[in-house]
Amino acid sequence: MEEVRCRVRCSGHMHTVTLTESGALMLHDHPDLITERALVALGGKLPRCLAILEAWKQKDRAPLPPVLHPALNEAQKKTRERVMRNTFIDPLSVSFRTRAEERVKKIAEDLLQKCAYRRSQSRWAGGNHIACARVGEPHICGGSEQVRSENGKWTGTNSYVSATVPISWFTRVHRRGLAVVDGWFVLDVLTEDEKGFTVLAGRQGRGFEVNLWPAVITRSADGDWHLRWVSRGNSIVTVKKEGE
């Protein structure tokens, strides 16, 4: 794998990201990842560089800069080749958790694609919208990347939205019919009572941005669920603790 270096806008500045020949991603402008991840856990916004790092680990194409797509294709090709060498493996030998995660990812991606988040409307170049999901700590982000037409004359954008849901999302959210409420994607249920649910959902931000935000879901007189955004207060963690 050839070394690839690119510049991305992160937290209002241009940062350098390098993919080494060994396939490791280096963030030159983020020397203390542990501290930055802790700040994100406390409700801070996920820096673009860290989002790229997580996307590379999860093989999630949407948040990656276009220059890294060929390298991702190569990595995925090698993965497929390894799978082909083990074609006759008994499916039951795959762990239950792995199979459950794949099912959750597939369902979440299908529903995420149907949500009301802004999509690229480019006509001559781009205009695609990508929805990706993976399993982990609740998180959601959205954005766009600039692309050119095949003849190089026109520019446009492709939009994306990427969500990470806990493995319990299937039972806590999807089975209750709460996965998509009023067009917004729900990632987790924090608390519940006779009035409804306190949840974490993806809220549309500026442009194509999508942010993790607390909300309340209640059932209206017509029997349908409806979502109302609430103040984040000090942090999302504060909301989580109320449901512990």
# chains A, B, ... in the order shown; residues from 1 in each chain; ligands from 1
>>> residues_around(residues="Met26 in chain A", least_positions_apart="2", cutoff="12 Å", atoms="only C-alpha atoms", output="PyMOL selection string")
chain A and resi 3-7+15-24+28-31+33+49-50+52-54+56
>>> write_last_selection(atoms="C-alpha atoms", output="short mmCIF file (atom, residue, chain, number, x, y, z; two decimals), in the first residue's frame")
data_model
loop_
_atom_site.label_atom_id
_atom_site.label_comp_id
_atom_site.auth_asym_id
_atom_site.auth_seq_id
_atom_site.Cartn_x
_atom_site.Cartn_y
_atom_site.Cartn_z
CA GLU A 3 1.71 6.21 1.47
CA VAL A 4 -1.05 8.79 1.06
CA ARG A 5 -1.02 12.25 2.63
CA CYS A 6 -3.90 14.71 2.54
CA ARG A 7 -5.08 17.93 4.15
CA HIS A 15 -4.77 19.45 9.37
CA THR A 16 -2.56 16.76 7.85
CA VAL A 17 -3.55 13.09 7.75
CA THR A 18 -1.18 10.39 6.49
CA LEU A 19 -1.95 6.80 5.57
CA THR A 20 1.30 4.86 5.95
CA GLU A 21 2.45 1.97 3.77
CA SER A 22 1.51 -0.42 6.58
CA GLY A 23 -2.09 0.82 6.52
CA ALA A 24 -1.93 2.90 9.72
CA HIS A 28 -0.20 14.88 12.72
CA ASP A 29 -2.12 17.63 14.50
CA HIS A 30 -3.67 15.55 17.29
CA PRO A 31 -0.88 14.43 19.65
CA LEU A 33 -5.99 11.34 21.25
CA CYS A 49 -9.58 14.05 11.94
CA LEU A 50 -10.82 11.69 14.66
CA ILE A 52 -11.66 9.99 9.70
CA LEU A 53 -9.58 7.75 11.99
CA GLU A 54 -12.66 5.93 13.28
CA TRP A 56 -10.82 4.05 8.54
#
>>> residues_around(residues="Ala108 in chain A", least_positions_apart="3", cutoff="9 Å", atoms="only C-alpha atoms", output="list of chain:residue names")
A:Arg103, A:Val104, A:Lys105, A:Leu111, A:Leu112, A:Gln113, A:Cys132, A:Ala133, A:Arg134, A:Ala163, A:Val165, A:Trp169, A:Phe170, A:His174, A:Ala179, A:Phe185
>>> write_last_selection(atoms="N, CA and C atoms", output="PDB file, in the first residue's frame")
ATOM      1  N   ARG A 103     -26.438  -7.743  11.420  1.00  0.00           N
ATOM      2  CA  ARG A 103     -27.874  -7.531  11.224  1.00  0.00           C
ATOM      3  C   ARG A 103     -28.280  -6.123  11.651  1.00  0.00           C
ATOM      4  N   VAL A 104     -27.761  -5.683  12.802  1.00  0.00           N
ATOM      5  CA  VAL A 104     -28.077  -4.338  13.291  1.00  0.00           C
ATOM      6  C   VAL A 104     -27.590  -3.286  12.297  1.00  0.00           C
ATOM      7  N   LYS A 105     -26.375  -3.441  11.787  1.00  0.00           N
ATOM      8  CA  LYS A 105     -25.821  -2.486  10.825  1.00  0.00           C
ATOM      9  C   LYS A 105     -26.685  -2.399   9.576  1.00  0.00           C
ATOM     10  N   LEU A 111     -32.683   2.169   7.339  1.00  0.00           N
ATOM     11  CA  LEU A 111     -33.545   3.200   7.914  1.00  0.00           C
ATOM     12  C   LEU A 111     -32.904   4.580   7.821  1.00  0.00           C
ATOM     13  N   LEU A 112     -31.590   4.633   8.006  1.00  0.00           N
ATOM     14  CA  LEU A 112     -30.872   5.906   7.937  1.00  0.00           C
ATOM     15  C   LEU A 112     -31.006   6.528   6.545  1.00  0.00           C
ATOM     16  N   GLN A 113     -31.038   5.686   5.539  1.00  0.00           N
ATOM     17  CA  GLN A 113     -31.170   6.165   4.160  1.00  0.00           C
ATOM     18  C   GLN A 113     -32.522   6.838   3.931  1.00  0.00           C
ATOM     19  N   CYS A 132     -24.286   5.224   6.193  1.00  0.00           N
ATOM     20  CA  CYS A 132     -23.481   4.134   6.747  1.00  0.00           C
ATOM     21  C   CYS A 132     -23.803   3.971   8.230  1.00  0.00           C
ATOM     22  N   ALA A 133     -23.716   2.744   8.702  1.00  0.00           N
ATOM     23  CA  ALA A 133     -23.955   2.477  10.123  1.00  0.00           C
ATOM     24  C   ALA A 133     -22.944   1.455  10.617  1.00  0.00           C
ATOM     25  N   ARG A 134     -22.624   1.542  11.892  1.00  0.00           N
ATOM     26  CA  ARG A 134     -21.766   0.556  12.540  1.00  0.00           C
ATOM     27  C   ARG A 134     -22.195   0.431  13.996  1.00  0.00           C
ATOM     28  N   ALA A 163     -23.814   6.780  11.196  1.00  0.00           N
ATOM     29  CA  ALA A 163     -24.278   6.613  12.573  1.00  0.00           C
ATOM     30  C   ALA A 163     -23.636   5.386  13.212  1.00  0.00           C
ATOM     31  N   VAL A 165     -24.447   2.880  16.412  1.00  0.00           N
ATOM     32  CA  VAL A 165     -25.493   2.532  17.379  1.00  0.00           C
ATOM     33  C   VAL A 165     -25.003   1.397  18.271  1.00  0.00           C
ATOM     34  N   TRP A 169     -29.408  -1.493  20.294  1.00  0.00           N
ATOM     35  CA  TRP A 169     -30.310  -0.624  19.522  1.00  0.00           C
ATOM     36  C   TRP A 169     -31.492  -1.404  18.955  1.00  0.00           C
ATOM     37  N   PHE A 170     -31.255  -2.632  18.544  1.00  0.00           N
ATOM     38  CA  PHE A 170     -32.319  -3.414  17.910  1.00  0.00           C
ATOM     39  C   PHE A 170     -33.506  -3.618  18.850  1.00  0.00           C
ATOM     40  N   HIS A 174     -35.360  -0.131  17.813  1.00  0.00           N
ATOM     41  CA  HIS A 174     -36.032  -0.601  16.599  1.00  0.00           C
ATOM     42  C   HIS A 174     -37.311  -1.376  16.894  1.00  0.00           C
ATOM     43  N   ALA A 179     -37.107   3.833  15.761  1.00  0.00           N
ATOM     44  CA  ALA A 179     -35.866   4.031  15.017  1.00  0.00           C
ATOM     45  C   ALA A 179     -35.864   5.332  14.218  1.00  0.00           C
ATOM     46  N   PHE A 185     -33.351  10.087  12.959  1.00  0.00           N
ATOM     47  CA  PHE A 185     -32.851   8.770  13.347  1.00  0.00           C
ATOM     48  C   PHE A 185     -32.556   8.740  14.842  1.00  0.00           C
TER      49      PHE A 185
END
>>> select_by_dssp(residues="range 87-225 of chain A", states="strand (DSSP E)", output="ChimeraX atom specification")
/A:126-135,139-148,155-165,180-181,184-193,196-204,210-219,225
>>> write_last_selection(atoms="C-alpha atoms", output="JSON list (two decimals), in the first residue's frame")
[["chain", "number", "residue", "atom", "x", "y", "z"],
["A", 126, "GLY", "CA", -21.94, 14.10, -7.51],
["A", 127, "GLY", "CA", -25.48, 14.25, -6.21],
["A", 128, "ASN", "CA", -25.13, 10.96, -4.35],
["A", 129, "HIS", "CA", -26.14, 10.40, -0.74],
["A", 130, "ILE", "CA", -24.46, 7.69, 1.34],
["A", 131, "ALA", "CA", -25.78, 6.28, 4.61],
["A", 132, "CYS", "CA", -23.48, 4.13, 6.75],
["A", 133, "ALA", "CA", -23.95, 2.48, 10.12],
["A", 134, "ARG", "CA", -21.77, 0.56, 12.54],
["A", 135, "VAL", "CA", -21.99, -0.79, 16.08],
["A", 139, "HIS", "CA", -22.62, 8.79, 17.55],
["A", 140, "ILE", "CA", -23.83, 10.38, 14.34],
["A", 141, "CYS", "CA", -22.32, 12.81, 11.88],
["A", 142, "GLY", "CA", -23.05, 14.16, 8.44],
["A", 143, "GLY", "CA", -21.22, 16.11, 5.81],
["A", 144, "SER", "CA", -20.31, 16.39, 2.17],
["A", 145, "GLU", "CA", -17.31, 16.01, -0.08],
["A", 146, "GLN", "CA", -16.54, 17.82, -3.31],
["A", 147, "VAL", "CA", -16.31, 15.75, -6.48],
["A", 148, "ARG", "CA", -15.71, 16.45, -10.16],
["A", 155, "THR", "CA", -17.84, 20.24, -9.60],
["A", 156, "GLY", "CA", -20.50, 19.06, -7.20],
["A", 157, "THR", "CA", -20.93, 17.34, -3.88],
["A", 158, "ASN", "CA", -21.84, 13.96, -2.48],
["A", 159, "SER", "CA", -23.50, 14.00, 0.93],
["A", 160, "TYR", "CA", -23.28, 11.40, 3.67],
["A", 161, "VAL", "CA", -24.62, 10.55, 7.09],
["A", 162, "SER", "CA", -22.90, 8.02, 9.32],
["A", 163, "ALA", "CA", -24.28, 6.61, 12.57],
["A", 164, "THR", "CA", -22.90, 4.37, 15.30],
["A", 165, "VAL", "CA", -25.49, 2.53, 17.38],
["A", 180, "VAL", "CA", -37.12, 6.91, 12.86],
["A", 181, "VAL", "CA", -39.46, 9.49, 14.41],
["A", 184, "TRP", "CA", -35.02, 11.79, 12.56],
["A", 185, "PHE", "CA", -32.85, 8.77, 13.35],
["A", 186, "VAL", "CA", -32.91, 7.60, 16.98],
["A", 187, "LEU", "CA", -29.70, 6.02, 18.26],
["A", 188, "ASP", "CA", -30.54, 5.03, 21.83],
["A", 189, "VAL", "CA", -33.16, 5.21, 24.58],
["A", 190, "LEU", "CA", -31.84, 6.80, 27.77],
["A", 191, "THR", "CA", -34.88, 6.80, 30.04],
["A", 192, "GLU", "CA", -38.55, 5.88, 29.82],
["A", 193, "ASP", "CA", -41.70, 6.52, 31.85],
["A", 196, "GLY", "CA", -42.62, 8.52, 26.79],
["A", 197, "PHE", "CA", -38.89, 8.23, 26.21],
["A", 198, "THR", "CA", -35.76, 10.34, 26.54],
["A", 199, "VAL", "CA", -33.51, 9.46, 23.62],
["A", 200, "LEU", "CA", -30.39, 10.36, 21.69],
["A", 201, "ALA", "CA", -31.14, 11.21, 18.07],
["A", 202, "GLY", "CA", -29.48, 12.80, 15.07],
["A", 203, "ARG", "CA", -30.41, 16.47, 14.68],
["A", 204, "GLN", "CA", -29.82, 18.39, 11.46],
["A", 210, "VAL", "CA", -25.82, 16.07, 11.74],
["A", 211, "ASN", "CA", -25.31, 16.23, 15.50],
["A", 212, "LEU", "CA", -26.03, 13.85, 18.36],
["A", 213, "TRP", "CA", -28.78, 15.50, 20.42],
["A", 214, "PRO", "CA", -31.10, 14.59, 23.31],
["A", 215, "ALA", "CA", -34.81, 14.55, 22.62],
["A", 216, "VAL", "CA", -38.11, 13.44, 24.12],
["A", 217, "ILE", "CA", -40.48, 11.11, 22.28],
["A", 218, "THR", "CA", -44.15, 11.06, 23.25],
["A", 219, "ARG", "CA", -47.27, 9.56, 21.72],
["A", 225, "TRP", "CA", -44.83, 8.94, 18.07]]
>>> atom_distance(atom1="CA of Glu101 in chain A", atom2="CA of Ile167 in chain A")
6.4 Å
>>> atom_distance(atom1="CA of Leu178 in chain A", atom2="CA of His226 in chain A")
9.4 Å
>>> atom_distance(atom1="CA of Ala100 in chain A", atom2="CA of Thr171 in chain A")
11.5 Å
